[in-house]
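Reviewing the structure listed below.
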Amino acid sequence: DAGVIQSPRHEVTEMGQEVTLRCKPISGHNSLFWYRQTMMRGLELLIYFNNNVPIDDSGMPEDRFSAKMPNASFSTLKIQPSEPRDSAVYFCASSFGWTGNTIYFGEGSWLTVV
Amino acid sequence: KQEVTQIPAALSVPEGENLVLNCSFTDSAIYNLQWFRQDPGKGLTSLLLIQSSQREQTSGRLNASLDKSSGRSTLYIAASQPGDSATYLCAVSPRSSNAGNMLTFGGGTRLMVKP
């Protein structure tokens with residue numbers, strides 16, 4: 001099993017540009033999560049999908065952030081327009097079942113907005 | 001709102017020592033608690049998952065305990081090795097009908113084991 005796959009691993013972009021982060025969950029997993037990690041705030045849940053449907057997006061910081069899951073094997077997190085304070089590591093994670101099961105994280109997308 | 005705190009924030013020990021990492025949470029209405037390891041520049045790897053009905057879980061040299069009523073968990077690492085150097089995070093999932101695996105994380109304990 002290849003695990004959760006994220007791309008790009010690293011991205012440097014200028015303020016105002018659109019950023020799209022991609023995630024492929026583990027095959028068979030039906031729950032997908034986007035987390036953001038910063039030094040100041042630690043790990044924060046942004047949005048959670050179950051069976052491709054967004055269940056909770058209360059962690060999405062602003063309307064500049066949007067996430068989609070068009071099918072069971074692909075999700076995107078988009079920031080438009082990007083700002084320097086969006087610089088962080090964005091993690092995608094997946095698990096099987098509703099709750100109580102081990103969650104698997106990707107290696108993250110390191111975003112720097114200059 | 002659930003808050004998770006980990007103490008200490010950083011810990012440096014000589015190789016071979018047994019050590020305890022602490023995690024506390026403010027809302028005892030949890031579904032489970034998980035301990036993760038994060039190496040620099042990497043994602044998180046799940047180490048142990050304790051359901052709210054359980055008191056402890058063990059995996060090799062690792063033992064995690066859970067006292068839900070007092071809002072505490074400990075991760076015990078026996079006979080520490082330099083390869084154990086990493087950041088250890090605990091996280092709780094809420095007891096809610098639609099919460100799924102929505103984890104609230106602590107700030108982590110950065111562990112360094114010196115040869």
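Residue numbering restarts at 1 for every chain of the structure tokens, chains are lettered A, B, ... in their displayed order, and ligands are numbered from 1 as they appear.
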| Test item: chain B residues at most 8 Å from chain A, counting only C-alpha atoms, as number ranges by chain | B: 31-32, 41-46, 49, 51, 98-107
For the residues in the current selection, export N, CA and C atoms as a PDB file, in the first residue's frame.
ATOM      1  N   TYR B  31     -14.127   9.839  22.269  1.00  0.00           N
ATOM      2  CA  TYR B  31     -14.346   8.513  21.718  1.00  0.00           C
ATOM      3  C   TYR B  31     -13.077   7.678  21.841  1.00  0.00           C
ATOM      4  N   ASN B  32     -11.944   8.292  21.521  1.00  0.00           N
ATOM      5  CA  ASN B  32     -10.665   7.607  21.692  1.00  0.00           C
ATOM      6  C   ASN B  32      -9.547   8.623  21.819  1.00  0.00           C
ATOM      7  N   GLY B  41      10.201  16.900   9.103  1.00  0.00           N
ATOM      8  CA  GLY B  41       9.909  16.916   7.677  1.00  0.00           C
ATOM      9  C   GLY B  41       9.004  15.796   7.202  1.00  0.00           C
ATOM     10  N   LYS B  42       8.398  15.105   8.142  1.00  0.00           N
ATOM     11  CA  LYS B  42       7.562  13.957   7.784  1.00  0.00           C
ATOM     12  C   LYS B  42       6.143  14.134   8.303  1.00  0.00           C
ATOM     13  N   GLY B  43       5.276  13.205   7.877  1.00  0.00           N
ATOM     14  CA  GLY B  43       3.924  13.186   8.400  1.00  0.00           C
ATOM     15  C   GLY B  43       3.874  12.500   9.748  1.00  0.00           C
ATOM     16  N   LEU B  44       2.670  12.263  10.224  1.00  0.00           N
ATOM     17  CA  LEU B  44       2.464  11.634  11.528  1.00  0.00           C
ATOM     18  C   LEU B  44       2.243  10.135  11.347  1.00  0.00           C
ATOM     19  N   THR B  45       2.806   9.387  12.274  1.00  0.00           N
ATOM     20  CA  THR B  45       2.610   7.939  12.280  1.00  0.00           C
ATOM     21  C   THR B  45       1.890   7.566  13.568  1.00  0.00           C
ATOM     22  N   SER B  46       0.776   6.858  13.438  1.00  0.00           N
ATOM     23  CA  SER B  46       0.024   6.452  14.619  1.00  0.00           C
ATOM     24  C   SER B  46       0.789   5.371  15.381  1.00  0.00           C
ATOM     25  N   LEU B  49      -3.623   3.551  19.787  1.00  0.00           N
ATOM     26  CA  LEU B  49      -4.983   4.080  19.856  1.00  0.00           C
ATOM     27  C   LEU B  49      -5.677   3.435  21.042  1.00  0.00           C
ATOM     28  N   GLN B  51      -9.281   3.192  22.965  1.00  0.00           N
ATOM     29  CA  GLN B  51     -10.698   3.508  22.979  1.00  0.00           C
ATOM     30  C   GLN B  51     -11.073   4.028  24.361  1.00  0.00           C
ATOM     31  N   ASN B  98     -21.541  12.588  14.648  1.00  0.00           N
ATOM     32  CA  ASN B  98     -21.017  12.779  13.296  1.00  0.00           C
ATOM     33  C   ASN B  98     -19.581  13.266  13.296  1.00  0.00           C
ATOM     34  N   ALA B  99     -18.892  13.056  14.404  1.00  0.00           N
ATOM     35  CA  ALA B  99     -17.546  13.633  14.509  1.00  0.00           C
ATOM     36  C   ALA B  99     -16.497  12.801  13.804  1.00  0.00           C
ATOM     37  N   GLY B 100     -16.764  11.529  13.648  1.00  0.00           N
ATOM     38  CA  GLY B 100     -15.773  10.714  12.975  1.00  0.00           C
ATOM     39  C   GLY B 100     -14.437  10.775  13.659  1.00  0.00           C
ATOM     40  N   ASN B 101     -13.389  10.810  12.880  1.00  0.00           N
ATOM     41  CA  ASN B 101     -12.028  10.839  13.401  1.00  0.00           C
ATOM     42  C   ASN B 101     -11.514  12.276  13.471  1.00  0.00           C
ATOM     43  N   MET B 102     -12.356  13.228  13.848  1.00  0.00           N
ATOM     44  CA  MET B 102     -11.958  14.636  13.917  1.00  0.00           C
ATOM     45  C   MET B 102     -11.117  14.828  15.174  1.00  0.00           C
ATOM     46  N   LEU B 103      -9.823  14.893  14.990  1.00  0.00           N
ATOM     47  CA  LEU B 103      -8.898  14.905  16.112  1.00  0.00           C
ATOM     48  C   LEU B 103      -8.548  16.312  16.557  1.00  0.00           C
ATOM     49  N   THR B 104      -8.451  16.496  17.876  1.00  0.00           N
ATOM     50  CA  THR B 104      -7.863  17.701  18.459  1.00  0.00           C
ATOM     51  C   THR B 104      -6.506  17.314  19.006  1.00  0.00           C
ATOM     52  N   PHE B 105      -5.466  17.987  18.537  1.00  0.00           N
ATOM     53  CA  PHE B 105      -4.102  17.630  18.883  1.00  0.00           C
ATOM     54  C   PHE B 105      -3.532  18.490  19.998  1.00  0.00           C
ATOM     55  N   GLY B 106      -2.655  17.893  20.771  1.00  0.00           N
ATOM     56  CA  GLY B 106      -1.822  18.659  21.675  1.00  0.00           C
ATOM     57  C   GLY B 106      -0.655  19.263  20.910  1.00  0.00           C
ATOM     58  N   GLY B 107       0.126  20.079  21.604  1.00  0.00           N
ATOM     59  CA  GLY B 107       1.239  20.768  20.955  1.00  0.00           C
ATOM     60  C   GLY B 107       2.467  19.901  20.739  1.00  0.00           C
TER      61      GLY B 107
END
| Counting only C-alpha atoms, what is within 12 Å of A:Ser87, bar same-chain residues fewer than 6 positions away, as a PyMOL selection string? | chain A and resi 10-15+19+36-40+79+109-114
How would the residues just picked look written out with N, CA and C atoms as a tab-separated table (two decimals), in the first residue's frame?
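Output below, filename result.tsv:
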chain	number	residue	atom	x	y	z
A	10	HIS	N	6.49	20.39	-1.88
A	10	HIS	CA	6.94	21.74	-1.54
A	10	HIS	C	6.44	22.71	-2.60
A	11	GLU	N	5.96	23.87	-2.13
A	11	GLU	CA	5.56	24.90	-3.08
A	11	GLU	C	5.87	26.27	-2.51
A	12	VAL	N	6.48	27.09	-3.34
A	12	VAL	CA	6.73	28.49	-3.01
A	12	VAL	C	5.97	29.32	-4.03
A	13	THR	N	5.13	30.21	-3.55
A	13	THR	CA	4.31	31.00	-4.46
A	13	THR	C	4.24	32.43	-3.98
A	14	GLU	N	3.87	33.32	-4.88
A	14	GLU	CA	3.77	34.72	-4.52
A	14	GLU	C	2.37	35.03	-3.99
A	15	MET	N	2.33	35.96	-3.09
A	15	MET	CA	1.06	36.42	-2.53
A	15	MET	C	0.09	36.75	-3.65
A	19	VAL	N	-3.29	28.53	-5.09
A	19	VAL	CA	-2.55	27.33	-4.71
A	19	VAL	C	-3.52	26.16	-4.67
A	36	ARG	N	-3.80	21.43	9.00
A	36	ARG	CA	-2.74	22.43	8.78
A	36	ARG	C	-1.88	22.47	10.03
A	37	GLN	N	-0.56	22.53	9.83
A	37	GLN	CA	0.36	22.60	10.97
A	37	GLN	C	1.24	23.84	10.87
A	38	THR	N	1.25	24.64	11.93
A	38	THR	CA	2.13	25.79	12.03
A	38	THR	C	2.80	25.76	13.39
A	39	MET	N	3.88	26.49	13.51
A	39	MET	CA	4.57	26.56	14.80
A	39	MET	C	3.67	27.19	15.85
A	40	MET	N	2.94	28.23	15.44
A	40	MET	CA	2.15	28.98	16.41
A	40	MET	C	0.91	28.23	16.88
A	79	ILE	N	-6.43	27.41	-2.21
A	79	ILE	CA	-6.34	28.71	-1.54
A	79	ILE	C	-6.26	29.76	-2.65
A	109	SER	N	2.26	18.80	2.47
A	109	SER	CA	2.65	19.77	1.43
A	109	SER	C	3.14	21.02	2.14
A	110	TRP	N	4.43	21.35	1.92
A	110	TRP	CA	5.04	22.48	2.60
A	110	TRP	C	4.83	23.72	1.74
A	111	LEU	N	3.98	24.63	2.20
A	111	LEU	CA	3.62	25.81	1.43
A	111	LEU	C	4.28	27.06	2.01
A	112	THR	N	4.95	27.80	1.15
A	112	THR	CA	5.50	29.10	1.52
A	112	THR	C	4.93	30.14	0.57
A	113	VAL	N	4.29	31.15	1.14
A	113	VAL	CA	3.74	32.25	0.35
A	113	VAL	C	4.57	33.49	0.65
A	114	VAL	N	5.18	34.05	-0.39
A	114	VAL	CA	6.08	35.20	-0.19
A	114	VAL	C	5.47	36.48	-0.75
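Non-sequential neighbours of B:Ser59 (distance at most 9 Å, separation of 5 or more positions within a chain, only C-alpha atoms) are Leu47, Leu48 and Ala64 of chain B.
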| message | Under the rule that only C-alpha atoms are counted, which of B:Lys114, B:Arg95, B:Arg72, B:Arg55 is the nearest residue to B:Ser24? | response | B:Arg72
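Atom pair atom CA of B:Thr74 / atom CA of B:Ser96: separated by 23.8 Å.
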| Residues near B:Val13, cut-off 8 Å, only C-alpha atoms, skip fewer than 5 positions along chain, as an MDAnalysis selection string | chainID B and resid 111:114
Residues as selected, N, CA, C and O atoms, written as a PDB file, in the first residue's frame, can you do that?
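Below is the file that was written, selection04.pdb:
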ATOM      1  N   LEU B 111      11.207  15.013  21.750  1.00  0.00           N
ATOM      2  CA  LEU B 111      12.089  14.130  22.518  1.00  0.00           C
ATOM      3  C   LEU B 111      13.415  13.947  21.797  1.00  0.00           C
ATOM      4  O   LEU B 111      13.460  13.680  20.599  1.00  0.00           O
ATOM      5  N   MET B 112      14.480  14.093  22.566  1.00  0.00           N
ATOM      6  CA  MET B 112      15.805  13.778  22.051  1.00  0.00           C
ATOM      7  C   MET B 112      16.448  12.751  22.981  1.00  0.00           C
ATOM      8  O   MET B 112      16.537  12.987  24.201  1.00  0.00           O
ATOM      9  N   VAL B 113      16.877  11.635  22.419  1.00  0.00           N
ATOM     10  CA  VAL B 113      17.554  10.603  23.187  1.00  0.00           C
ATOM     11  C   VAL B 113      19.015  10.614  22.752  1.00  0.00           C
ATOM     12  O   VAL B 113      19.339  10.339  21.599  1.00  0.00           O
ATOM     13  N   LYS B 114      19.893  10.917  23.703  1.00  0.00           N
ATOM     14  CA  LYS B 114      21.313  11.066  23.374  1.00  0.00           C
ATOM     15  C   LYS B 114      22.055   9.757  23.570  1.00  0.00           C
ATOM     16  O   LYS B 114      21.853   9.069  24.573  1.00  0.00           O
TER      17      LYS B 114
END
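Here atom CA of B:Ala9 and atom CA of B:Arg110 stand 6.1 Å from one another.
Of the listed residues B:Gln2, B:Thr109, B:Asn18, B:Thr26, the one whose atoms come nearest to B:Leu62 is B:Asn18, with distances taken using only C-alpha atoms.
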| message | Among stretch 51-87 of chain B, which ones does DSSP assign to strand (DSSP E or B) (computed from the backbone)? Answer as a PyMOL selection string. | response | chain B and resi 51+56-59+62-67+72-77+86-87
Written selection (N, CA and C atoms) as a PDB file, in the first residue's frame:
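Saved result, selection.pdb, follows:
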ATOM      1  N   GLN B  51      -9.281   3.192  22.965  1.00  0.00           N
ATOM      2  CA  GLN B  51     -10.698   3.508  22.979  1.00  0.00           C
ATOM      3  C   GLN B  51     -11.073   4.028  24.361  1.00  0.00           C
ATOM      4  N   GLU B  56      -5.502   0.987  28.821  1.00  0.00           N
ATOM      5  CA  GLU B  56      -4.153   1.089  28.291  1.00  0.00           C
ATOM      6  C   GLU B  56      -4.003   0.246  27.029  1.00  0.00           C
ATOM      7  N   GLN B  57      -2.930   0.569  26.299  1.00  0.00           N
ATOM      8  CA  GLN B  57      -2.540  -0.185  25.116  1.00  0.00           C
ATOM      9  C   GLN B  57      -1.020  -0.280  25.110  1.00  0.00           C
ATOM     10  N   THR B  58      -0.538  -1.391  24.588  1.00  0.00           N
ATOM     11  CA  THR B  58       0.908  -1.623  24.563  1.00  0.00           C
ATOM     12  C   THR B  58       1.335  -2.038  23.171  1.00  0.00           C
ATOM     13  N   SER B  59       2.503  -1.537  22.770  1.00  0.00           N
ATOM     14  CA  SER B  59       3.106  -1.949  21.514  1.00  0.00           C
ATOM     15  C   SER B  59       4.611  -1.911  21.701  1.00  0.00           C
ATOM     16  N   LEU B  62       6.462   0.585  23.990  1.00  0.00           N
ATOM     17  CA  LEU B  62       5.542   1.687  24.265  1.00  0.00           C
ATOM     18  C   LEU B  62       4.324   1.188  25.021  1.00  0.00           C
ATOM     19  N   ASN B  63       3.914   1.989  26.013  1.00  0.00           N
ATOM     20  CA  ASN B  63       2.683   1.695  26.745  1.00  0.00           C
ATOM     21  C   ASN B  63       1.955   3.009  26.965  1.00  0.00           C
ATOM     22  N   ALA B  64       0.696   3.064  26.555  1.00  0.00           N
ATOM     23  CA  ALA B  64      -0.100   4.267  26.765  1.00  0.00           C
ATOM     24  C   ALA B  64      -1.245   3.947  27.700  1.00  0.00           C
ATOM     25  N   SER B  65      -1.484   4.836  28.640  1.00  0.00           N
ATOM     26  CA  SER B  65      -2.597   4.670  29.564  1.00  0.00           C
ATOM     27  C   SER B  65      -3.577   5.808  29.388  1.00  0.00           C
ATOM     28  N   LEU B  66      -4.815   5.556  29.782  1.00  0.00           N
ATOM     29  CA  LEU B  66      -5.862   6.564  29.668  1.00  0.00           C
ATOM     30  C   LEU B  66      -6.701   6.577  30.936  1.00  0.00           C
ATOM     31  N   ASP B  67      -6.834   7.759  31.523  1.00  0.00           N
ATOM     32  CA  ASP B  67      -7.754   7.976  32.640  1.00  0.00           C
ATOM     33  C   ASP B  67      -8.734   9.036  32.179  1.00  0.00           C
ATOM     34  N   ARG B  72      -6.586  12.526  31.485  1.00  0.00           N
ATOM     35  CA  ARG B  72      -5.131  12.371  31.364  1.00  0.00           C
ATOM     36  C   ARG B  72      -4.770  11.099  30.616  1.00  0.00           C
ATOM     37  N   SER B  73      -3.641  11.194  29.916  1.00  0.00           N
ATOM     38  CA  SER B  73      -3.036  10.024  29.292  1.00  0.00           C
ATOM     39  C   SER B  73      -1.531  10.139  29.436  1.00  0.00           C
ATOM     40  N   THR B  74      -0.873   9.011  29.537  1.00  0.00           N
ATOM     41  CA  THR B  74       0.583   9.000  29.560  1.00  0.00           C
ATOM     42  C   THR B  74       1.091   8.022  28.520  1.00  0.00           C
ATOM     43  N   LEU B  75       2.223   8.363  27.933  1.00  0.00           N
ATOM     44  CA  LEU B  75       2.934   7.467  27.032  1.00  0.00           C
ATOM     45  C   LEU B  75       4.250   7.112  27.696  1.00  0.00           C
ATOM     46  N   TYR B  76       4.422   5.839  27.969  1.00  0.00           N
ATOM     47  CA  TYR B  76       5.633   5.343  28.631  1.00  0.00           C
ATOM     48  C   TYR B  76       6.522   4.696  27.572  1.00  0.00           C
ATOM     49  N   ILE B  77       7.768   5.131  27.512  1.00  0.00           N
ATOM     50  CA  ILE B  77       8.739   4.550  26.591  1.00  0.00           C
ATOM     51  C   ILE B  77       9.819   3.875  27.421  1.00  0.00           C
ATOM     52  N   ALA B  86      12.120  12.167  18.278  1.00  0.00           N
ATOM     53  CA  ALA B  86      11.032  12.615  17.402  1.00  0.00           C
ATOM     54  C   ALA B  86      10.116  13.503  18.234  1.00  0.00           C
ATOM     55  N   THR B  87       9.085  14.030  17.605  1.00  0.00           N
ATOM     56  CA  THR B  87       8.031  14.734  18.339  1.00  0.00           C
ATOM     57  C   THR B  87       6.860  13.775  18.511  1.00  0.00           C
TER      58      THR B  87
END
| task | Quote the spacing between atom CA of A:Ile5 and atom CA of A:Gln80 in Å to one decimal place. | result | 22.5 Å
| field | Option closest in space to A:Pro70, from A:Gly16, A:Ser58, A:Asp86, A:Asn51 [counting only C-alpha atoms] | value | A:Asn51
| Which residues, written as a VMD selection string, have at least one atom at most 9 Å from A:Ser27, with only C-alpha atoms counted and residues fewer than 3 positions away on the same chain left out? | chain A and resid 1 3 to 4 24 30 72 to 73
